[in-house]
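Okay, so here's the structure we're looking at.
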Amino acid sequence: DAKTTQPPSMDCAEGRAANLPCNHSTISGNEYVYWYRQIHSQGPQYIIHGLKNNETNEMASLIITEDRKSSTLILPHATLRDTAVYYCIVRDYNDMRFGAGTRLTVKP
Amino acid sequence: GAVVSQHPSRVICKSGTSVKIECRSLDFQATTMFWYRQFPKQSLMLMATSNEGSKATYEQGVEKDKFLINHASLTLSTLTVTSAHPEDSSFYICSAGSGSGTDTQYFGPGTRLTVL
């Protein structure tokens with residue numbers, strides 16, 4: 001079973017920041033938080049990951065709470081091409097399970 | 001990012017035949033690969049974990065004799081669906097990771113299997 005809980009869907013206006021939450025209250029000390037997204041009929045695309053510190057790359061920022069029980073993926077300036085299903089995954093080395101994800105729709 | 005390919009991208013076969021799907025890491029050596037299948041409007045379901053040189057570890061409910069996984073090299077893993085039936089029609093996706101550091105997994109583009 002997936003170790004994460006995400007809202008099933010969210011909308012965001014084009015050009016605005018999209019903030020996608022994820023709860024992972026049972027995360028253990030050696031488990032990382034990964035975010036992927038899947039555009040229809042394609043393989044998932046890696047976005048970002050972190051252990052306990054906040055992370056930023058060219059695609060997004062990842063904010064992890066101090067107790068590590070939740071995190072937020074931030075797309076700073078959403079575009080129509082960011083419309084996808086976003087998956088938050090808590091994983092250790094030999095376990096990588098997907099939950100239901102959040103369907104993000106970016107609207108003009 | 002790292003590139004993972006899958007072949008074929010789409011396959012149609014008759015019921016009772018076997019189908020082999022290849023997953024290749026193109027620019028890195030993959031010590032760990034995961035195989036998933038995805039039905040329409042559903043999330044990815046983990047089928048098995050494959051470590052190079054070892055037998056695959058299958059998830060509960062996944063028949064190891066029906067879904068044969070071979071990870072014989074650091075750049076190639078194969079999934080063979082034996083005696084395929086219409087209920088095996090699905091989108092099959094692999095991921096591969098280098099096994100170093102945090103071992104980020106990169107996904108292939110998927111293979112659409114249709115069994116008639």
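By order of appearance in the structure tokens: chains A, B, ..., then residues from 1 within every chain, and ligands from 1 in the order shown.
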Taking only C-alpha atoms into account, report as number ranges by chain which residues of chain A lie within 7 Å of chain B. A: 42-46, 94, 97-100
I need the residues of chain B that end up classed as strand (DSSP E) by DSSP on the backbone, written out as a PyMOL selection string. chain B and resi 4-7+10-13+19-25+32-38+45-51+57-58+67-73+76-81+90-97+106-107+111-115
Tell me which protein, DNA and RNA residues are within 7 Å of range 78-87 of chain B, counting only C-alpha atoms, leaving out same-chain ones fewer than 6 positions away, and put them as a ChimeraX atom specification. /B:15-23,66-71,115-116
Pick out the residues sitting within 8 Å of range 58-73 of chain A, and hand them over as a list in words; count only C-alpha atoms, and ignore anything fewer than 3 positions along from it in its own chain.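 The residues satisfying every condition are Ala18, Asn19, Leu20, Pro21, Cys22, Asn23, His24, Ser25, Thr26, Ile27, Trp35, Ile47, Ile48, His49, Gly50, Lys52, Asn53, Asn54, Glu55 and Pro76 of chain A.
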Could you take the residues named above and write them with all heavy atoms, as a compact mmCIF listing (two decimals), in the first residue's frame?
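Final output, selection_23.txt:
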```
# COMPACT_ATOMS: atom_id res chain seq x y z
N ALA A 18 1.48 26.68 -8.28
CA ALA A 18 0.68 25.51 -7.92
C ALA A 18 1.34 24.86 -6.71
O ALA A 18 2.54 24.55 -6.74
CB ALA A 18 0.62 24.52 -9.08
N ASN A 19 0.55 24.69 -5.64
CA ASN A 19 1.05 24.09 -4.41
C ASN A 19 0.33 22.76 -4.19
O ASN A 19 -0.86 22.74 -3.89
CB ASN A 19 0.80 25.02 -3.22
CG ASN A 19 1.57 26.33 -3.35
OD1 ASN A 19 2.75 26.40 -3.06
ND2 ASN A 19 0.88 27.36 -3.81
N LEU A 20 1.06 21.67 -4.31
CA LEU A 20 0.45 20.35 -4.19
C LEU A 20 0.87 19.71 -2.87
O LEU A 20 2.06 19.45 -2.66
CB LEU A 20 0.87 19.45 -5.36
CG LEU A 20 0.32 19.87 -6.73
CD1 LEU A 20 1.28 20.79 -7.46
CD2 LEU A 20 0.02 18.65 -7.57
N PRO A 21 -0.10 19.43 -1.99
CA PRO A 21 0.25 18.87 -0.68
C PRO A 21 0.30 17.34 -0.70
O PRO A 21 -0.32 16.69 -1.54
CB PRO A 21 -0.91 19.35 0.19
CG PRO A 21 -2.08 19.39 -0.75
CD PRO A 21 -1.52 19.76 -2.10
N CYS A 22 1.03 16.82 0.27
CA CYS A 22 1.14 15.37 0.43
C CYS A 22 1.33 15.05 1.91
O CYS A 22 2.18 15.65 2.57
CB CYS A 22 2.32 14.83 -0.38
SG CYS A 22 2.56 13.05 -0.26
N ASN A 23 0.55 14.13 2.41
CA ASN A 23 0.72 13.66 3.78
C ASN A 23 1.41 12.31 3.80
O ASN A 23 1.02 11.40 3.05
CB ASN A 23 -0.64 13.55 4.49
CG ASN A 23 -1.21 14.91 4.82
OD1 ASN A 23 -0.47 15.80 5.21
ND2 ASN A 23 -2.50 15.08 4.67
N HIS A 24 2.41 12.18 4.65
CA HIS A 24 3.13 10.91 4.80
C HIS A 24 3.49 10.74 6.27
O HIS A 24 4.66 10.74 6.65
CB HIS A 24 4.37 10.83 3.89
CG HIS A 24 5.03 12.15 3.61
ND1 HIS A 24 5.90 12.76 4.49
CD2 HIS A 24 4.94 12.96 2.54
CE1 HIS A 24 6.33 13.88 3.97
NE2 HIS A 24 5.77 14.04 2.77
N SER A 25 2.45 10.58 7.09
CA SER A 25 2.63 10.61 8.54
C SER A 25 3.41 9.41 9.08
O SER A 25 3.90 9.47 10.21
CB SER A 25 1.27 10.69 9.23
OG SER A 25 0.47 9.58 8.86
N THR A 26 3.52 8.33 8.32
CA THR A 26 4.22 7.14 8.82
C THR A 26 5.64 7.01 8.25
O THR A 26 6.26 5.96 8.37
CB THR A 26 3.43 5.86 8.48
OG1 THR A 26 3.31 5.76 7.05
CG2 THR A 26 2.05 5.89 9.12
N ILE A 27 6.14 8.07 7.68
CA ILE A 27 7.47 8.04 7.07
C ILE A 27 8.52 7.69 8.11
O ILE A 27 8.44 8.13 9.26
CB ILE A 27 7.78 9.38 6.38
CG1 ILE A 27 9.02 9.28 5.49
CG2 ILE A 27 7.92 10.51 7.41
CD1 ILE A 27 9.23 10.50 4.61
N TRP A 35 8.78 13.07 -5.87
CA TRP A 35 7.64 13.54 -6.65
C TRP A 35 7.89 13.22 -8.13
O TRP A 35 8.97 13.48 -8.67
CB TRP A 35 7.44 15.04 -6.48
CG TRP A 35 6.79 15.41 -5.19
CD1 TRP A 35 7.40 15.57 -3.97
CD2 TRP A 35 5.40 15.69 -4.96
NE1 TRP A 35 6.48 15.93 -3.02
CE2 TRP A 35 5.24 16.01 -3.60
CE3 TRP A 35 4.28 15.71 -5.80
CZ2 TRP A 35 4.00 16.33 -3.05
CZ3 TRP A 35 3.06 16.03 -5.25
CH2 TRP A 35 2.93 16.34 -3.89
N ILE A 47 10.50 14.63 -10.88
CA ILE A 47 10.50 16.06 -10.65
C ILE A 47 11.57 16.44 -9.63
O ILE A 47 12.47 17.24 -9.92
CB ILE A 47 9.12 16.56 -10.14
CG1 ILE A 47 8.02 16.23 -11.14
CG2 ILE A 47 9.16 18.06 -9.87
CD1 ILE A 47 6.62 16.52 -10.64
N ILE A 48 11.47 15.88 -8.42
CA ILE A 48 12.34 16.31 -7.34
C ILE A 48 12.25 15.31 -6.22
O ILE A 48 11.31 14.53 -6.15
CB ILE A 48 11.95 17.73 -6.88
CG1 ILE A 48 13.06 18.43 -6.10
CG2 ILE A 48 10.64 17.69 -6.07
CD1 ILE A 48 12.80 19.93 -5.90
N HIS A 49 13.23 15.29 -5.32
CA HIS A 49 13.13 14.47 -4.14
C HIS A 49 13.90 15.12 -2.99
O HIS A 49 14.74 16.00 -3.21
CB HIS A 49 13.63 13.05 -4.39
CG HIS A 49 15.12 12.92 -4.50
ND1 HIS A 49 15.82 13.25 -5.65
CD2 HIS A 49 16.05 12.52 -3.60
CE1 HIS A 49 17.10 13.03 -5.47
NE2 HIS A 49 17.28 12.61 -4.23
N GLY A 50 13.60 14.64 -1.77
CA GLY A 50 14.29 15.17 -0.60
C GLY A 50 14.17 14.23 0.58
O GLY A 50 13.31 13.36 0.60
N LYS A 52 15.02 15.59 4.26
CA LYS A 52 14.45 16.44 5.31
C LYS A 52 14.62 17.92 5.04
O LYS A 52 13.88 18.75 5.57
CB LYS A 52 15.04 16.10 6.67
CG LYS A 52 16.54 16.08 6.73
CD LYS A 52 17.00 15.61 8.11
CE LYS A 52 18.51 15.52 8.19
NZ LYS A 52 18.97 15.03 9.50
N ASN A 53 15.57 18.26 4.18
CA ASN A 53 15.75 19.67 3.84
C ASN A 53 14.89 20.05 2.64
O ASN A 53 14.53 19.20 1.83
CB ASN A 53 17.21 19.94 3.50
CG ASN A 53 18.13 19.70 4.68
OD1 ASN A 53 17.77 20.00 5.82
ND2 ASN A 53 19.28 19.13 4.41
N ASN A 54 14.55 21.31 2.56
CA ASN A 54 13.84 21.80 1.38
C ASN A 54 14.77 21.74 0.17
O ASN A 54 15.98 21.92 0.29
CB ASN A 54 13.34 23.23 1.61
CG ASN A 54 12.36 23.33 2.75
OD1 ASN A 54 11.72 22.35 3.11
ND2 ASN A 54 12.26 24.51 3.33
N GLU A 55 14.19 21.46 -0.98
CA GLU A 55 14.97 21.32 -2.20
C GLU A 55 14.36 22.15 -3.31
O GLU A 55 13.14 22.36 -3.34
CB GLU A 55 15.03 19.85 -2.64
CG GLU A 55 15.59 18.87 -1.62
CD GLU A 55 17.09 18.99 -1.44
OE1 GLU A 55 17.75 19.63 -2.28
OE2 GLU A 55 17.61 18.43 -0.44
N PRO A 76 6.38 27.01 -9.45
CA PRO A 76 6.29 28.46 -9.22
C PRO A 76 5.44 29.23 -10.22
O PRO A 76 4.77 30.19 -9.84
CB PRO A 76 7.75 28.91 -9.25
CG PRO A 76 8.48 27.83 -9.97
CD PRO A 76 7.75 26.57 -9.71
```
Find, counting only C-alpha atoms, the residue in B:Ala96, B:Val62, B:Leu74, B:Pro8 that gets nearest to Met96 in chain A.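 Using only C-alpha atoms, Met96 in chain A sits closest to B:Ala96.
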Tell me which protein, DNA and RNA residues are within 8 Å of Asp92 in chain A, counting only C-alpha atoms, leaving out same-chain ones fewer than 4 positions away, and put them as an MDAnalysis selection string. chainID A and resid 30:32 96
